$ cat run-v4.txt   # compact mmCIF, N, CA, C and O atoms
# COMPACT_ATOMS: atom_id res chain seq x y z
N MET X 1 -62.00 -18.54 69.85
CA MET X 1 -62.71 -19.76 70.14
C MET X 1 -64.20 -19.50 69.97
O MET X 1 -64.66 -18.38 70.14
N ILE X 2 -64.93 -20.55 69.62
CA ILE X 2 -66.38 -20.45 69.46
C ILE X 2 -67.03 -21.10 70.69
O ILE X 2 -66.70 -22.23 71.06
N VAL X 3 -67.93 -20.36 71.31
CA VAL X 3 -68.64 -20.83 72.50
C VAL X 3 -70.12 -20.90 72.17
O VAL X 3 -70.69 -19.95 71.63
N ARG X 4 -70.74 -22.02 72.47
CA ARG X 4 -72.19 -22.17 72.29
C ARG X 4 -72.86 -22.09 73.64
O ARG X 4 -72.46 -22.78 74.58
N ILE X 5 -73.86 -21.24 73.74
CA ILE X 5 -74.73 -21.21 74.92
C ILE X 5 -76.00 -21.93 74.51
O ILE X 5 -76.69 -21.50 73.58
N MET X 6 -76.27 -23.03 75.15
CA MET X 6 -77.41 -23.85 74.77
C MET X 6 -78.70 -23.02 74.79
O MET X 6 -78.95 -22.29 75.74
N GLY X 7 -79.44 -23.12 73.71
CA GLY X 7 -80.70 -22.40 73.61
C GLY X 7 -80.57 -20.96 73.14
O GLY X 7 -81.56 -20.28 72.94
N GLU X 8 -79.33 -20.48 72.97
CA GLU X 8 -79.13 -19.08 72.56
C GLU X 8 -78.38 -18.93 71.25
O GLU X 8 -78.66 -18.05 70.48
N GLY X 9 -77.36 -19.72 71.03
CA GLY X 9 -76.55 -19.58 69.83
C GLY X 9 -75.07 -19.58 70.16
O GLY X 9 -74.66 -19.99 71.24
N GLN X 10 -74.28 -19.09 69.19
CA GLN X 10 -72.83 -19.14 69.31
C GLN X 10 -72.23 -17.74 69.41
O GLN X 10 -72.79 -16.78 68.89
N VAL X 11 -71.08 -17.69 70.06
CA VAL X 11 -70.35 -16.44 70.27
C VAL X 11 -68.88 -16.70 69.95
O VAL X 11 -68.33 -17.74 70.34
N ARG X 12 -68.25 -15.76 69.23
CA ARG X 12 -66.81 -15.85 68.98
C ARG X 12 -66.12 -15.07 70.09
O ARG X 12 -66.45 -13.92 70.36
N LEU X 13 -65.17 -15.71 70.75
CA LEU X 13 -64.51 -15.13 71.91
C LEU X 13 -62.99 -15.28 71.75
O LEU X 13 -62.52 -16.35 71.36
N ALA X 14 -62.26 -14.22 72.02
CA ALA X 14 -60.79 -14.28 71.92
C ALA X 14 -60.25 -15.27 72.94
O ALA X 14 -60.73 -15.35 74.08
N ASP X 15 -59.24 -16.02 72.52
CA ASP X 15 -58.61 -16.99 73.42
C ASP X 15 -58.04 -16.34 74.68
O ASP X 15 -57.89 -16.99 75.71
N SER X 16 -57.76 -15.06 74.61
CA SER X 16 -57.19 -14.34 75.76
C SER X 16 -58.15 -14.29 76.95
O SER X 16 -57.74 -14.02 78.07
N HIS X 17 -59.42 -14.58 76.72
CA HIS X 17 -60.42 -14.56 77.81
C HIS X 17 -60.56 -15.91 78.50
O HIS X 17 -61.33 -16.05 79.44
N PHE X 18 -59.82 -16.90 78.03
CA PHE X 18 -59.94 -18.25 78.56
C PHE X 18 -59.70 -18.31 80.07
O PHE X 18 -60.44 -18.97 80.80
N ALA X 19 -58.69 -17.62 80.55
CA ALA X 19 -58.36 -17.66 81.99
C ALA X 19 -59.52 -17.12 82.83
O ALA X 19 -59.84 -17.67 83.89
N GLU X 20 -60.15 -16.06 82.36
CA GLU X 20 -61.28 -15.47 83.09
C GLU X 20 -62.46 -16.45 83.14
O GLU X 20 -63.09 -16.62 84.19
N LEU X 21 -62.72 -17.11 82.02
CA LEU X 21 -63.80 -18.09 81.99
C LEU X 21 -63.48 -19.29 82.88
O LEU X 21 -64.35 -19.81 83.57
N ASN X 22 -62.23 -19.69 82.86
CA ASN X 22 -61.81 -20.83 83.68
C ASN X 22 -61.97 -20.54 85.17
O ASN X 22 -62.36 -21.41 85.94
N LYS X 23 -61.70 -19.32 85.59
CA LYS X 23 -61.87 -18.93 86.99
C LYS X 23 -63.35 -19.07 87.40
O LYS X 23 -63.67 -19.61 88.46
N LEU X 24 -64.24 -18.58 86.55
CA LEU X 24 -65.67 -18.69 86.84
C LEU X 24 -66.10 -20.15 86.84
O LEU X 24 -66.93 -20.57 87.66
N ASP X 25 -65.54 -20.95 85.94
CA ASP X 25 -65.85 -22.37 85.89
C ASP X 25 -65.41 -23.06 87.18
O ASP X 25 -66.12 -23.91 87.71
N ASP X 26 -64.24 -22.69 87.69
CA ASP X 26 -63.77 -23.26 88.97
C ASP X 26 -64.73 -22.94 90.10
O ASP X 26 -65.03 -23.80 90.94
N GLU X 27 -65.22 -21.69 90.13
CA GLU X 27 -66.20 -21.31 91.16
C GLU X 27 -67.47 -22.13 91.02
O GLU X 27 -68.03 -22.62 92.01
N LEU X 28 -67.93 -22.29 89.77
CA LEU X 28 -69.15 -23.04 89.51
C LEU X 28 -68.98 -24.50 89.95
O LEU X 28 -69.88 -25.07 90.59
N GLN X 29 -67.84 -25.07 89.64
CA GLN X 29 -67.55 -26.46 90.02
C GLN X 29 -67.59 -26.62 91.54
O GLN X 29 -68.19 -27.56 92.06
N GLU X 30 -66.98 -25.69 92.26
CA GLU X 30 -66.95 -25.76 93.73
C GLU X 30 -68.36 -25.66 94.30
O GLU X 30 -68.73 -26.39 95.21
N GLU X 31 -69.16 -24.75 93.76
CA GLU X 31 -70.54 -24.59 94.26
C GLU X 31 -71.36 -25.84 93.98
O GLU X 31 -72.18 -26.25 94.81
N MET X 32 -71.12 -26.45 92.85
CA MET X 32 -71.85 -27.68 92.54
C MET X 32 -71.45 -28.81 93.49
O MET X 32 -72.30 -29.55 93.96
N GLU X 33 -70.15 -28.93 93.74
CA GLU X 33 -69.67 -29.96 94.65
C GLU X 33 -70.22 -29.77 96.06
O GLU X 33 -70.47 -30.74 96.77
N ASN X 34 -70.43 -28.51 96.46
CA ASN X 34 -70.95 -28.20 97.79
C ASN X 34 -72.47 -28.15 97.83
O ASN X 34 -73.04 -27.90 98.89
N GLY X 35 -73.12 -28.34 96.69
CA GLY X 35 -74.58 -28.28 96.65
C GLY X 35 -75.12 -26.90 96.91
O GLY X 35 -76.23 -26.73 97.41
N ASP X 36 -74.34 -25.87 96.58
CA ASP X 36 -74.73 -24.47 96.81
C ASP X 36 -75.60 -23.98 95.64
O ASP X 36 -75.10 -23.38 94.69
N GLY X 37 -76.90 -24.25 95.72
CA GLY X 37 -77.82 -23.86 94.65
C GLY X 37 -77.82 -22.38 94.34
O GLY X 37 -77.69 -21.99 93.17
N PRO X 38 -77.97 -21.50 95.35
CA PRO X 38 -77.96 -20.06 95.06
C PRO X 38 -76.63 -19.58 94.48
O PRO X 38 -76.62 -18.77 93.54
N GLY X 39 -75.52 -20.09 94.99
CA GLY X 39 -74.22 -19.72 94.45
C GLY X 39 -74.06 -20.20 93.02
O GLY X 39 -73.54 -19.49 92.16
N PHE X 40 -74.54 -21.41 92.75
CA PHE X 40 -74.52 -21.97 91.41
C PHE X 40 -75.27 -21.07 90.43
O PHE X 40 -74.77 -20.74 89.36
N ARG X 41 -76.48 -20.67 90.79
CA ARG X 41 -77.29 -19.82 89.89
C ARG X 41 -76.57 -18.50 89.61
O ARG X 41 -76.53 -18.03 88.48
N GLN X 42 -76.00 -17.92 90.65
CA GLN X 42 -75.32 -16.64 90.53
C GLN X 42 -74.07 -16.75 89.64
O GLN X 42 -73.83 -15.92 88.77
N THR X 43 -73.27 -17.78 89.87
CA THR X 43 -72.04 -17.93 89.09
C THR X 43 -72.33 -18.32 87.65
O THR X 43 -71.67 -17.83 86.73
N LEU X 44 -73.33 -19.17 87.42
CA LEU X 44 -73.71 -19.51 86.05
C LEU X 44 -74.13 -18.25 85.30
O LEU X 44 -73.71 -18.02 84.17
N ALA X 45 -74.92 -17.40 85.95
CA ALA X 45 -75.35 -16.14 85.32
C ALA X 45 -74.14 -15.27 84.99
O ALA X 45 -74.06 -14.69 83.90
N ARG X 46 -73.17 -15.19 85.92
CA ARG X 46 -71.95 -14.39 85.67
C ARG X 46 -71.13 -14.95 84.52
O ARG X 46 -70.61 -14.21 83.69
N LEU X 47 -71.01 -16.28 84.46
CA LEU X 47 -70.26 -16.93 83.39
C LEU X 47 -70.89 -16.61 82.03
O LEU X 47 -70.21 -16.20 81.09
N LEU X 48 -72.20 -16.76 81.94
CA LEU X 48 -72.89 -16.50 80.68
C LEU X 48 -72.84 -15.01 80.32
O LEU X 48 -72.64 -14.65 79.15
N GLU X 49 -73.01 -14.13 81.30
CA GLU X 49 -72.90 -12.69 81.06
C GLU X 49 -71.52 -12.32 80.54
O GLU X 49 -71.39 -11.49 79.64
N THR X 50 -70.49 -12.94 81.10
CA THR X 50 -69.12 -12.66 80.68
C THR X 50 -68.91 -13.07 79.22
O THR X 50 -68.34 -12.32 78.43
N VAL X 51 -69.40 -14.24 78.86
CA VAL X 51 -69.27 -14.71 77.47
C VAL X 51 -70.00 -13.75 76.53
O VAL X 51 -69.47 -13.34 75.50
N ARG X 52 -71.21 -13.36 76.90
CA ARG X 52 -71.98 -12.44 76.06
C ARG X 52 -71.30 -11.08 75.93
O ARG X 52 -71.28 -10.48 74.86
N ALA X 53 -70.75 -10.58 77.04
CA ALA X 53 -70.15 -9.24 77.04
C ALA X 53 -68.82 -9.20 76.28
O ALA X 53 -68.53 -8.22 75.59
N LEU X 54 -68.02 -10.25 76.41
CA LEU X 54 -66.70 -10.25 75.80
C LEU X 54 -66.70 -10.81 74.37
O LEU X 54 -65.75 -10.58 73.63
N GLY X 55 -67.75 -11.52 74.02
CA GLY X 55 -67.79 -12.18 72.73
C GLY X 55 -68.59 -11.42 71.69
O GLY X 55 -69.30 -10.47 71.98
N GLU X 56 -68.46 -11.91 70.47
CA GLU X 56 -69.20 -11.36 69.33
C GLU X 56 -70.17 -12.44 68.86
O GLU X 56 -69.76 -13.52 68.42
N PRO X 57 -71.49 -12.16 68.95
CA PRO X 57 -72.47 -13.17 68.53
C PRO X 57 -72.30 -13.51 67.05
O PRO X 57 -72.09 -12.63 66.22
N LEU X 58 -72.39 -14.78 66.74
CA LEU X 58 -72.38 -15.22 65.35
C LEU X 58 -73.81 -15.17 64.82
O LEU X 58 -74.77 -15.31 65.59
N PRO X 59 -73.97 -14.97 63.51
CA PRO X 59 -75.33 -14.95 62.95
C PRO X 59 -76.06 -16.25 63.23
O PRO X 59 -75.44 -17.32 63.33
N ASP X 60 -77.38 -16.18 63.36
CA ASP X 60 -78.18 -17.36 63.66
C ASP X 60 -78.02 -18.47 62.63
O ASP X 60 -78.14 -19.64 62.96
N ASP X 61 -77.76 -18.09 61.38
CA ASP X 61 -77.63 -19.11 60.34
C ASP X 61 -76.22 -19.67 60.23
O ASP X 61 -75.95 -20.55 59.42
N SER X 62 -75.31 -19.20 61.08
CA SER X 62 -73.94 -19.70 61.10
C SER X 62 -73.86 -20.92 62.00
O SER X 62 -74.44 -20.94 63.09
N LEU X 63 -73.16 -21.94 61.55
CA LEU X 63 -73.00 -23.14 62.36
C LEU X 63 -71.53 -23.54 62.35
O LEU X 63 -71.06 -24.25 61.49
N GLU X 64 -70.79 -23.00 63.31
CA GLU X 64 -69.36 -23.27 63.46
C GLU X 64 -69.17 -24.37 64.50
O GLU X 64 -69.99 -24.51 65.40
N PRO X 65 -68.08 -25.12 64.40
CA PRO X 65 -67.79 -26.09 65.46
C PRO X 65 -67.52 -25.35 66.78
O PRO X 65 -66.71 -24.43 66.81
N SER X 66 -68.23 -25.72 67.83
CA SER X 66 -68.08 -25.06 69.13
C SER X 66 -66.98 -25.74 69.93
O SER X 66 -66.97 -26.95 70.08
N GLU X 67 -66.07 -24.91 70.46
CA GLU X 67 -65.01 -25.45 71.31
C GLU X 67 -65.49 -25.61 72.74
O GLU X 67 -64.97 -26.44 73.48
N LEU X 68 -66.44 -24.78 73.15
CA LEU X 68 -67.03 -24.86 74.48
C LEU X 68 -68.55 -24.83 74.33
O LEU X 68 -69.08 -24.07 73.52
N ILE X 69 -69.23 -25.63 75.12
CA ILE X 69 -70.69 -25.62 75.14
C ILE X 69 -71.11 -25.37 76.58
O ILE X 69 -70.75 -26.13 77.48
N LEU X 70 -71.84 -24.26 76.76
CA LEU X 70 -72.29 -23.87 78.11
C LEU X 70 -73.78 -24.09 78.23
O LEU X 70 -74.52 -23.98 77.26
N PRO X 71 -74.24 -24.39 79.45
CA PRO X 71 -75.68 -24.62 79.65
C PRO X 71 -76.48 -23.34 79.48
O PRO X 71 -75.95 -22.23 79.55
N SER X 72 -77.78 -23.52 79.26
CA SER X 72 -78.67 -22.36 79.16
C SER X 72 -78.80 -21.69 80.51
O SER X 72 -78.54 -22.30 81.55
N PRO X 73 -79.21 -20.42 80.53
CA PRO X 73 -79.32 -19.70 81.80
C PRO X 73 -80.30 -20.33 82.78
O PRO X 73 -80.16 -20.16 83.98
N ASP X 74 -81.28 -21.06 82.26
CA ASP X 74 -82.29 -21.65 83.15
C ASP X 74 -82.00 -23.11 83.49
O ASP X 74 -82.83 -23.80 84.08
N ALA X 75 -80.81 -23.60 83.14
CA ALA X 75 -80.44 -24.98 83.45
C ALA X 75 -80.41 -25.19 84.97
O ALA X 75 -79.98 -24.31 85.71
N THR X 76 -80.86 -26.34 85.38
CA THR X 76 -80.86 -26.66 86.81
C THR X 76 -79.49 -27.20 87.24
O THR X 76 -78.68 -27.61 86.40
N LEU X 77 -79.26 -27.22 88.52
CA LEU X 77 -78.03 -27.76 89.07
C LEU X 77 -77.84 -29.20 88.61
O LEU X 77 -76.76 -29.59 88.16
N ALA X 78 -78.90 -30.00 88.64
CA ALA X 78 -78.82 -31.41 88.22
C ALA X 78 -78.49 -31.52 86.74
O ALA X 78 -77.69 -32.39 86.35
N GLU X 79 -79.06 -30.68 85.91
CA GLU X 79 -78.78 -30.71 84.48
C GLU X 79 -77.31 -30.37 84.20
O GLU X 79 -76.66 -31.02 83.38
N VAL X 80 -76.79 -29.37 84.88
CA VAL X 80 -75.41 -28.98 84.67
C VAL X 80 -74.46 -30.06 85.20
O VAL X 80 -73.44 -30.36 84.58
N GLN X 81 -74.81 -30.67 86.31
CA GLN X 81 -73.98 -31.76 86.84
C GLN X 81 -73.87 -32.87 85.81
O GLN X 81 -72.82 -33.48 85.66
N ALA X 82 -74.94 -33.14 85.08
CA ALA X 82 -74.91 -34.19 84.06
C ALA X 82 -73.99 -33.81 82.90
O ALA X 82 -73.42 -34.68 82.25
N LEU X 83 -73.81 -32.51 82.63
CA LEU X 83 -72.96 -32.05 81.54
C LEU X 83 -71.48 -32.06 81.90
O LEU X 83 -70.62 -32.11 81.02
N LEU X 84 -71.20 -31.98 83.18
CA LEU X 84 -69.81 -31.81 83.63
C LEU X 84 -68.99 -33.07 83.49
O LEU X 84 -69.45 -34.17 83.74
N SER X 85 -67.74 -32.85 83.11
CA SER X 85 -66.74 -33.92 83.21
C SER X 85 -65.93 -33.62 84.46
O SER X 85 -66.24 -32.69 85.20
N ASP X 86 -64.88 -34.35 84.67
CA ASP X 86 -64.03 -34.10 85.84
C ASP X 86 -63.36 -32.74 85.82
O ASP X 86 -62.93 -32.24 86.84
N THR X 87 -63.28 -32.13 84.63
CA THR X 87 -62.57 -30.85 84.52
C THR X 87 -63.50 -29.66 84.51
O THR X 87 -63.04 -28.53 84.39
N GLY X 88 -64.81 -29.84 84.60
CA GLY X 88 -65.74 -28.73 84.58
C GLY X 88 -66.18 -28.40 83.16
O GLY X 88 -65.94 -29.15 82.23
N LEU X 89 -66.84 -27.29 83.01
CA LEU X 89 -67.36 -26.89 81.71
C LEU X 89 -66.25 -26.39 80.79
O LEU X 89 -66.29 -26.56 79.59
N ILE X 90 -65.25 -25.74 81.37
CA ILE X 90 -64.15 -25.18 80.59
C ILE X 90 -62.95 -26.13 80.75
O ILE X 90 -62.39 -26.23 81.84
N PRO X 91 -62.54 -26.83 79.69
CA PRO X 91 -61.41 -27.75 79.83
C PRO X 91 -60.11 -27.01 80.12
O PRO X 91 -59.92 -25.89 79.67
N GLU X 92 -59.24 -27.65 80.88
CA GLU X 92 -57.93 -27.07 81.19
C GLU X 92 -57.07 -27.07 79.93
O GLU X 92 -57.17 -27.97 79.11
N VAL X 93 -56.22 -26.07 79.81
CA VAL X 93 -55.32 -26.01 78.66
C VAL X 93 -53.97 -26.58 79.02
O VAL X 93 -53.51 -26.49 80.08
$ encode --input "run-v4.txt" --output "structure tokens"
Amino acid sequence: MIVRIMGEGQVRLADSHFAELNKLDDELQEEMENGDGPGFRQTLARLLETVRALGEPLPDDSLEPSELILPSPDATLAEVQALLSDTGLIPEV
């Protein structure tokens, strides 16, 4: 799957990592619902770190269709809330 981190670029990630990303997304969703700003910042950082660590960055001049689009590391709680659907950042399979 191709994941875009806003403001950074795209990463190719094996579908086998979907469950791990979904777990972090569930945590992020719960923190947002509870208005837990510090928890939100921490979990967003972990989610993005996980994508970077497990994925292979695509060249800057590559433009593949992204299956997932994640917010930038400096996105605010309000900005991420605007991006979310009912299912969170990572859609359920």
$ closest_residue --input "run-v4.txt" --among "X:Val3, X:Leu47, X:Val80, X:Leu70" --to "Glu20 (chain X)" --atoms "all atoms listed in the file"
X:Leu47
$ residues_around --input "run-v4.txt" --residues "Ala14 (chain X)" --least-positions-apart "5" --cutoff "7 Å" --atoms "all atoms listed in the file" --output "ChimeraX atom specification"
/X:1,54-56
$ closest_residue --input "run-v4.txt" --among "X:Thr43, X:Ile69, X:Leu13, X:Ile2" --to "Asp25 (chain X)" --atoms "only N, CA, C and O atoms"
X:Thr43
$ closest_residue --input "run-v4.txt" --among "X:Ala75, X:Leu24, X:Glu30, X:Arg4" --to "Arg46 (chain X)" --atoms "all atoms listed in the file"
X:Leu24
$ atom_distance --input "run-v4.txt" --atom1 "atom N of Pro59 (chain X)" --atom2 "atom O of Gln10 (chain X)"
5.8 Å
$ atom_distance --input "run-v4.txt" --atom1 "atom N of Leu58 (chain X)" --atom2 "atom C of Pro38 (chain X)"
28.5 Å
$ atom_distance --input "run-v4.txt" --atom1 "atom N of Asp74 (chain X)" --atom2 "atom O of Leu44 (chain X)"
8.4 Å
$ closest_residue --input "run-v4.txt" --among "X:Asp36, X:Asp15, X:Glu49, X:Glu27" --to "Ser72 (chain X)" --atoms "only C-alpha atoms"
X:Glu49
$ select_by_dssp --input "run-v4.txt" --residues "chain X" --states "strand (DSSP E or B)" --output "list in words"
Ile2, Val3, Arg4, Ile5, Gly9, Gln10, Val11, Arg12, Glu56, Pro57, Leu68, Ile69, Leu70, Ser85 and Gly88 of chain X
$ axis_aligned_box --input "run-v4.txt" --around "region 44-49 of chain X" --padding-each-side "5 Å" --output "AutoDock Vina command-line options"
--center_x -72.8 --center_y -15.5 --center_z 83.3 --size_x 15.1 --size_y 18.0 --size_z 18.3
$ build_atoms --input "run-v4.txt" --residues "region 9-20 of chain X" --atoms "all heavy atoms" --output "short mmCIF file (atom, residue, chain, number, x, y, z; two decimals), in the coordinates of the input"
data_model
loop_
_atom_site.label_atom_id
_atom_site.label_comp_id
_atom_site.auth_asym_id
_atom_site.auth_seq_id
_atom_site.Cartn_x
_atom_site.Cartn_y
_atom_site.Cartn_z
N GLY X 9 -77.36 -19.72 71.03
CA GLY X 9 -76.55 -19.58 69.83
C GLY X 9 -75.07 -19.58 70.16
O GLY X 9 -74.66 -19.99 71.24
N GLN X 10 -74.28 -19.09 69.19
CA GLN X 10 -72.83 -19.14 69.31
C GLN X 10 -72.23 -17.74 69.41
O GLN X 10 -72.79 -16.78 68.89
CB GLN X 10 -72.22 -19.85 68.10
CG GLN X 10 -72.57 -21.31 68.03
CD GLN X 10 -71.96 -21.94 66.80
OE1 GLN X 10 -72.24 -21.53 65.68
NE2 GLN X 10 -71.13 -22.95 67.00
N VAL X 11 -71.08 -17.69 70.06
CA VAL X 11 -70.35 -16.44 70.27
C VAL X 11 -68.88 -16.70 69.95
O VAL X 11 -68.33 -17.74 70.34
CB VAL X 11 -70.49 -15.98 71.74
CG1 VAL X 11 -69.67 -14.75 72.02
CG2 VAL X 11 -71.95 -15.76 72.11
N ARG X 12 -68.25 -15.76 69.23
CA ARG X 12 -66.81 -15.85 68.98
C ARG X 12 -66.12 -15.07 70.09
O ARG X 12 -66.45 -13.92 70.36
CB ARG X 12 -66.45 -15.26 67.63
CG ARG X 12 -64.96 -15.41 67.30
CD ARG X 12 -64.61 -14.85 65.93
NE ARG X 12 -65.50 -15.29 64.88
CZ ARG X 12 -65.42 -16.46 64.21
NH1 ARG X 12 -64.46 -17.31 64.52
NH2 ARG X 12 -66.27 -16.76 63.26
N LEU X 13 -65.17 -15.71 70.75
CA LEU X 13 -64.51 -15.13 71.91
C LEU X 13 -62.99 -15.28 71.75
O LEU X 13 -62.52 -16.35 71.36
CB LEU X 13 -64.98 -15.88 73.16
CG LEU X 13 -64.78 -15.28 74.52
CD1 LEU X 13 -65.56 -13.98 74.67
CD2 LEU X 13 -65.24 -16.25 75.59
N ALA X 14 -62.26 -14.22 72.02
CA ALA X 14 -60.79 -14.28 71.92
C ALA X 14 -60.25 -15.27 72.94
O ALA X 14 -60.73 -15.35 74.08
CB ALA X 14 -60.20 -12.89 72.17
N ASP X 15 -59.24 -16.02 72.52
CA ASP X 15 -58.61 -16.99 73.42
C ASP X 15 -58.04 -16.34 74.68
O ASP X 15 -57.89 -16.99 75.71
CB ASP X 15 -57.49 -17.73 72.69
CG ASP X 15 -58.02 -18.68 71.62
OD1 ASP X 15 -59.22 -19.02 71.66
OD2 ASP X 15 -57.22 -19.08 70.76
N SER X 16 -57.76 -15.06 74.61
CA SER X 16 -57.19 -14.34 75.76
C SER X 16 -58.15 -14.29 76.95
O SER X 16 -57.74 -14.02 78.07
CB SER X 16 -56.79 -12.93 75.36
OG SER X 16 -57.91 -12.20 74.91
N HIS X 17 -59.42 -14.58 76.72
CA HIS X 17 -60.42 -14.56 77.81
C HIS X 17 -60.56 -15.91 78.50
O HIS X 17 -61.33 -16.05 79.44
CB HIS X 17 -61.78 -14.11 77.28
CG HIS X 17 -61.77 -12.73 76.72
ND1 HIS X 17 -61.46 -11.62 77.46
CD2 HIS X 17 -62.01 -12.29 75.46
CE1 HIS X 17 -61.53 -10.55 76.70
NE2 HIS X 17 -61.84 -10.93 75.48
N PHE X 18 -59.82 -16.90 78.03
CA PHE X 18 -59.94 -18.25 78.56
C PHE X 18 -59.70 -18.31 80.07
O PHE X 18 -60.44 -18.97 80.80
CB PHE X 18 -58.98 -19.18 77.83
CG PHE X 18 -59.17 -20.63 78.14
CD1 PHE X 18 -60.16 -21.36 77.50
CD2 PHE X 18 -58.39 -21.26 79.09
CE1 PHE X 18 -60.35 -22.68 77.78
CE2 PHE X 18 -58.58 -22.59 79.39
CZ PHE X 18 -59.56 -23.31 78.73
N ALA X 19 -58.69 -17.62 80.55
CA ALA X 19 -58.36 -17.66 81.99
C ALA X 19 -59.52 -17.12 82.83
O ALA X 19 -59.84 -17.67 83.89
CB ALA X 19 -57.09 -16.87 82.26
N GLU X 20 -60.15 -16.06 82.36
CA GLU X 20 -61.28 -15.47 83.09
C GLU X 20 -62.46 -16.45 83.14
O GLU X 20 -63.09 -16.62 84.19
CB GLU X 20 -61.70 -14.17 82.39
CG GLU X 20 -62.75 -13.39 83.12
CD GLU X 20 -63.00 -12.04 82.47
OE1 GLU X 20 -62.28 -11.66 81.53
OE2 GLU X 20 -63.94 -11.37 82.92
#
